[in-house]
Structure formats: C-alpha cells, structure tokens
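Visitor: Below is a structure I'd like to ask you about.
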Amino acid sequence: MENIKINFLHICENAFFAEDKKLNIIGIFDHINAKGFPAMHSRFSIALSVTGIIHDKKIIIEIMSPDGIPIISLTLKNVKLGNEPKTNLVLNFIGVKFPQSGNYKIIFKVDDKIISSDRQDMITVKEEV
C-alpha cells in the first residue's frame, strides 16, 4: 500500500464543501459535557484531509469507546474520490450515543490498515459538574 497520511482530522459542529470545493469547518471541539450517561450528541461532523491515493479502497471510520468497543463503525467501499494525491472527506453523524464518560478514539482505516495521525484524535466525554 502506498504511503497514506492523515494531514488533519477535526471533530466539529459542522463541515461541508462550498460550491468552489473549499472545505468549510465550523466549531472544532474535542470535549462533550453531558448531564448523565448514556449521553447523546445530536449532530457533529468529522472533517479530515488525507495525503495518498485512496481511490477504489475500503475506508473505515470508527469511534471507539474508552473500553475499546466501537460505538460507530462506518465502512465506505470502493470510494470514488478521483485519483488525487490529497483528498478531503466530511462525515456527518446524527444522534450518536456515548454510553460512558471517558476518551473516545477516532480510528481511520484504509483497506483494514489503521492510518494514524500525528496526534491522538479523540473526543473526551465527561459529566457536567
């Protein structure tokens, strides 16, 4: 597999592509305050930029609980993104339930190989005090 690298991965309130194909990212966050558990976040996006050809590959995005159990596992098969050396992706999530307090890790896989970013990509979910 060619060298694939995550340039950035942001968890945010909203992300989308403008008409001129510019990536718009609004409200980046890494913490969710909950009133109790299980907690539900009504809507958020994950925006990421990847260097390397991911055309026609199986892409998996997982959100792993503090116990290492996936609370979300999204598989995109035979992604047709063009044969470009850099690709931006936006994934929108609605009504995600976080069963417990702790750090939830974002996992990005290409053809079942975990692609790491330079930082820990996670959401910390904690109870409001």
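Residues in the structure tokens are numbered from 1 in each chain, the chains being A, B, ... in the order shown, and ligands are numbered from 1 in the order shown.
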List every residue of region 46-107 of chain A that has an atom at most 10 Å from any atom of region 14-22 of chain A, and for each one report the closest atom pair and its distance in Å to one decimal, counting only C-alpha atoms, with rows sorted by chain and then by increasing residue number, as a tab-separated table.

Guide:
```
residue	atom	partner	partner_atom	distance
A:Ile46	CA	A:Ala15	CA	7.3
A:Ala47	CA	A:Ala15	CA	6.3
A:Leu48	CA	A:Ala15	CA	9.8
A:Asn88	CA	A:Phe17	CA	9.3
A:Leu89	CA	A:Phe16	CA	9.0
A:Val90	CA	A:Ala15	CA	6.4
A:Leu91	CA	A:Ala15	CA	8.1
A:Asn92	CA	A:Asn14	CA	7.7
A:Phe93	CA	A:Asn14	CA	9.7
```

Visitor: Name the residues in contact with region 27-33 of chain A at a cut-off of 7 Å, using only C-alpha atoms, excluding same-chain residues fewer than 4 positions from it; report them as a list of chain:residue names.

Guide: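 With the cut-off at 7 Å, the set is A:His10, A:Ile11, A:Cys12, A:Glu13, A:Asn14, A:Met122, A:Ile123, A:Thr124, A:Val125, A:Lys126, A:Glu127, A:Glu128.
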
Visitor: Taking into account only C-alpha atoms, which residue in the set A:Gly52, A:Glu62, A:Asp112, A:Met40 is nearest to Asn3 (chain A)?

Guide: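 Going through A:Gly52, A:Glu62, A:Asp112, A:Met40 one by one, the smallest distance to Asn3 (chain A) is for A:Gly52.
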
Visitor: In region 62-111 of chain A, what's strand (DSSP E) per DSSP? Answer as a ChimeraX atom specification?

Guide: /A:62-64,70-76,86-98,102-110

Visitor: Include N, CA, C and O atoms and write out the residues we just selected as a tab-separated table (two decimals), in the first residue's frame.

Guide:
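The resulting file, out31.tsv, is shown below:
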```
chain	number	residue	atom	x	y	z
A	62	GLU	N	-14.08	4.54	12.63
A	62	GLU	CA	-14.68	4.01	13.86
A	62	GLU	C	-14.51	5.01	14.99
A	62	GLU	O	-13.49	5.71	15.06
A	63	ILE	N	-15.50	5.06	15.85
A	63	ILE	CA	-15.39	5.79	17.11
A	63	ILE	C	-15.40	4.72	18.19
A	63	ILE	O	-16.38	3.99	18.34
A	64	MET	N	-14.27	4.62	18.90
A	64	MET	CA	-14.09	3.57	19.90
A	64	MET	C	-14.34	4.12	21.30
A	64	MET	O	-13.83	5.18	21.66
A	70	PRO	N	-16.35	-0.41	19.53
A	70	PRO	CA	-16.81	0.62	18.59
A	70	PRO	C	-18.27	1.00	18.87
A	70	PRO	O	-19.13	0.14	18.97
A	71	ILE	N	-18.50	2.32	19.02
A	71	ILE	CA	-19.88	2.80	19.13
A	71	ILE	C	-20.39	3.21	17.76
A	71	ILE	O	-21.59	3.27	17.54
A	72	ILE	N	-19.48	3.46	16.83
A	72	ILE	CA	-19.79	3.73	15.42
A	72	ILE	C	-18.75	3.01	14.59
A	72	ILE	O	-17.55	3.07	14.88
A	73	SER	N	-19.19	2.34	13.54
A	73	SER	CA	-18.27	1.74	12.57
A	73	SER	C	-18.89	1.97	11.20
A	73	SER	O	-19.92	1.38	10.87
A	74	LEU	N	-18.28	2.86	10.45
A	74	LEU	CA	-18.79	3.26	9.14
A	74	LEU	C	-17.83	2.77	8.08
A	74	LEU	O	-16.64	3.10	8.11
A	75	THR	N	-18.31	1.95	7.15
A	75	THR	CA	-17.47	1.41	6.07
A	75	THR	C	-17.89	2.02	4.74
A	75	THR	O	-19.07	1.98	4.39
A	76	LEU	N	-16.92	2.58	4.05
A	76	LEU	CA	-17.13	3.12	2.70
A	76	LEU	C	-16.34	2.22	1.76
A	76	LEU	O	-15.11	2.15	1.84
A	86	LYS	N	-4.15	14.22	-2.73
A	86	LYS	CA	-4.68	14.78	-1.48
A	86	LYS	C	-6.20	14.81	-1.59
A	86	LYS	O	-6.75	15.24	-2.60
A	87	THR	N	-6.86	14.32	-0.54
A	87	THR	CA	-8.32	14.24	-0.54
A	87	THR	C	-8.85	14.75	0.80
A	87	THR	O	-8.29	14.44	1.84
A	88	ASN	N	-9.93	15.52	0.74
A	88	ASN	CA	-10.64	15.94	1.93
A	88	ASN	C	-11.94	15.14	2.02
A	88	ASN	O	-12.61	14.94	1.02
A	89	LEU	N	-12.28	14.71	3.24
A	89	LEU	CA	-13.51	13.96	3.47
A	89	LEU	C	-14.30	14.64	4.57
A	89	LEU	O	-13.73	15.18	5.52
A	90	VAL	N	-15.63	14.58	4.46
A	90	VAL	CA	-16.52	15.06	5.50
A	90	VAL	C	-17.51	13.95	5.81
A	90	VAL	O	-18.14	13.40	4.90
A	91	LEU	N	-17.62	13.61	7.08
A	91	LEU	CA	-18.58	12.60	7.54
A	91	LEU	C	-19.48	13.25	8.58
A	91	LEU	O	-18.98	13.85	9.54
A	92	ASN	N	-20.79	13.17	8.38
A	92	ASN	CA	-21.75	13.77	9.29
A	92	ASN	C	-22.42	12.68	10.12
A	92	ASN	O	-22.82	11.65	9.58
A	93	PHE	N	-22.54	12.93	11.42
A	93	PHE	CA	-23.12	11.96	12.34
A	93	PHE	C	-24.30	12.61	13.06
A	93	PHE	O	-24.21	13.75	13.49
A	94	ILE	N	-25.38	11.86	13.19
A	94	ILE	CA	-26.58	12.35	13.86
A	94	ILE	C	-26.98	11.36	14.95
A	94	ILE	O	-27.04	10.16	14.71
A	95	GLY	N	-27.26	11.89	16.14
A	95	GLY	CA	-27.77	11.08	17.24
A	95	GLY	C	-26.82	10.02	17.74
A	95	GLY	O	-27.23	8.89	18.00
A	96	VAL	N	-25.54	10.37	17.92
A	96	VAL	CA	-24.56	9.39	18.41
A	96	VAL	C	-24.66	9.30	19.93
A	96	VAL	O	-24.62	10.31	20.63
A	97	LYS	N	-24.78	8.06	20.43
A	97	LYS	CA	-24.89	7.81	21.86
A	97	LYS	C	-23.52	7.43	22.42
A	97	LYS	O	-22.85	6.53	21.91
A	98	PHE	N	-23.11	8.14	23.46
A	98	PHE	CA	-21.88	7.85	24.19
A	98	PHE	C	-22.27	7.18	25.50
A	98	PHE	O	-22.84	7.81	26.38
A	102	GLY	N	-15.41	9.32	29.38
A	102	GLY	CA	-14.06	8.90	29.02
A	102	GLY	C	-13.62	9.41	27.68
A	102	GLY	O	-14.27	10.26	27.07
A	103	ASN	N	-12.51	8.88	27.19
A	103	ASN	CA	-11.93	9.28	25.91
A	103	ASN	C	-12.34	8.32	24.80
A	103	ASN	O	-12.08	7.12	24.90
A	104	TYR	N	-12.95	8.86	23.77
A	104	TYR	CA	-13.41	8.10	22.62
A	104	TYR	C	-12.45	8.37	21.46
A	104	TYR	O	-12.31	9.50	21.03
A	105	LYS	N	-11.80	7.34	20.98
A	105	LYS	CA	-10.78	7.48	19.94
A	105	LYS	C	-11.40	7.35	18.55
A	105	LYS	O	-12.26	6.50	18.33
A	106	ILE	N	-10.94	8.20	17.64
A	106	ILE	CA	-11.36	8.14	16.24
A	106	ILE	C	-10.32	7.30	15.48
A	106	ILE	O	-9.13	7.60	15.50
A	107	ILE	N	-10.77	6.24	14.83
A	107	ILE	CA	-9.89	5.34	14.07
A	107	ILE	C	-10.22	5.49	12.59
A	107	ILE	O	-11.39	5.42	12.19
A	108	PHE	N	-9.18	5.67	11.76
A	108	PHE	CA	-9.32	5.77	10.31
A	108	PHE	C	-8.52	4.64	9.69
A	108	PHE	O	-7.33	4.51	9.94
A	109	LYS	N	-9.20	3.79	8.91
A	109	LYS	CA	-8.54	2.65	8.29
A	109	LYS	C	-8.71	2.72	6.77
A	109	LYS	O	-9.77	3.09	6.28
A	110	VAL	N	-7.67	2.31	6.05
A	110	VAL	CA	-7.73	2.15	4.60
A	110	VAL	C	-7.35	0.71	4.31
A	110	VAL	O	-6.27	0.26	4.70
```

Visitor: Pick the closest to Lys57 (chain A) from A:Lys35, A:Lys5, A:Lys113, A:Lys77: which is it, counting only C-alpha atoms?

Guide: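 Of the candidates, the smallest distance to Lys57 (chain A) is held by A:Lys77.
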
Visitor: Could you tell me how far CA of Phe37 (chain A) lies from CA of Pro99 (chain A), in Å and to one decimal?

Guide: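 Between these atoms lies a distance of 5.8 Å.
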
Visitor: Just to confirm, what's the straight-line distance from CA of Ile26 (chain A) to CA of Lys58 (chain A) in Å (one decimal)?

Guide: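 Going from CA of Ile26 (chain A) over to CA of Lys58 (chain A), I get 27.4 Å.
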
Visitor: Given the choices A:Asn24, A:Pro85, A:Val129, A:Ile6, which gets closest to His55 (chain A) if the distance is worked out from only C-alpha atoms?

Guide: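 Distance minimum relative to His55 (chain A) lands on A:Pro85.
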
Visitor: Between CA of Ile61 (chain A) and CA of Arg43 (chain A), what is the spacing in Å?

Guide: 16.4 Å
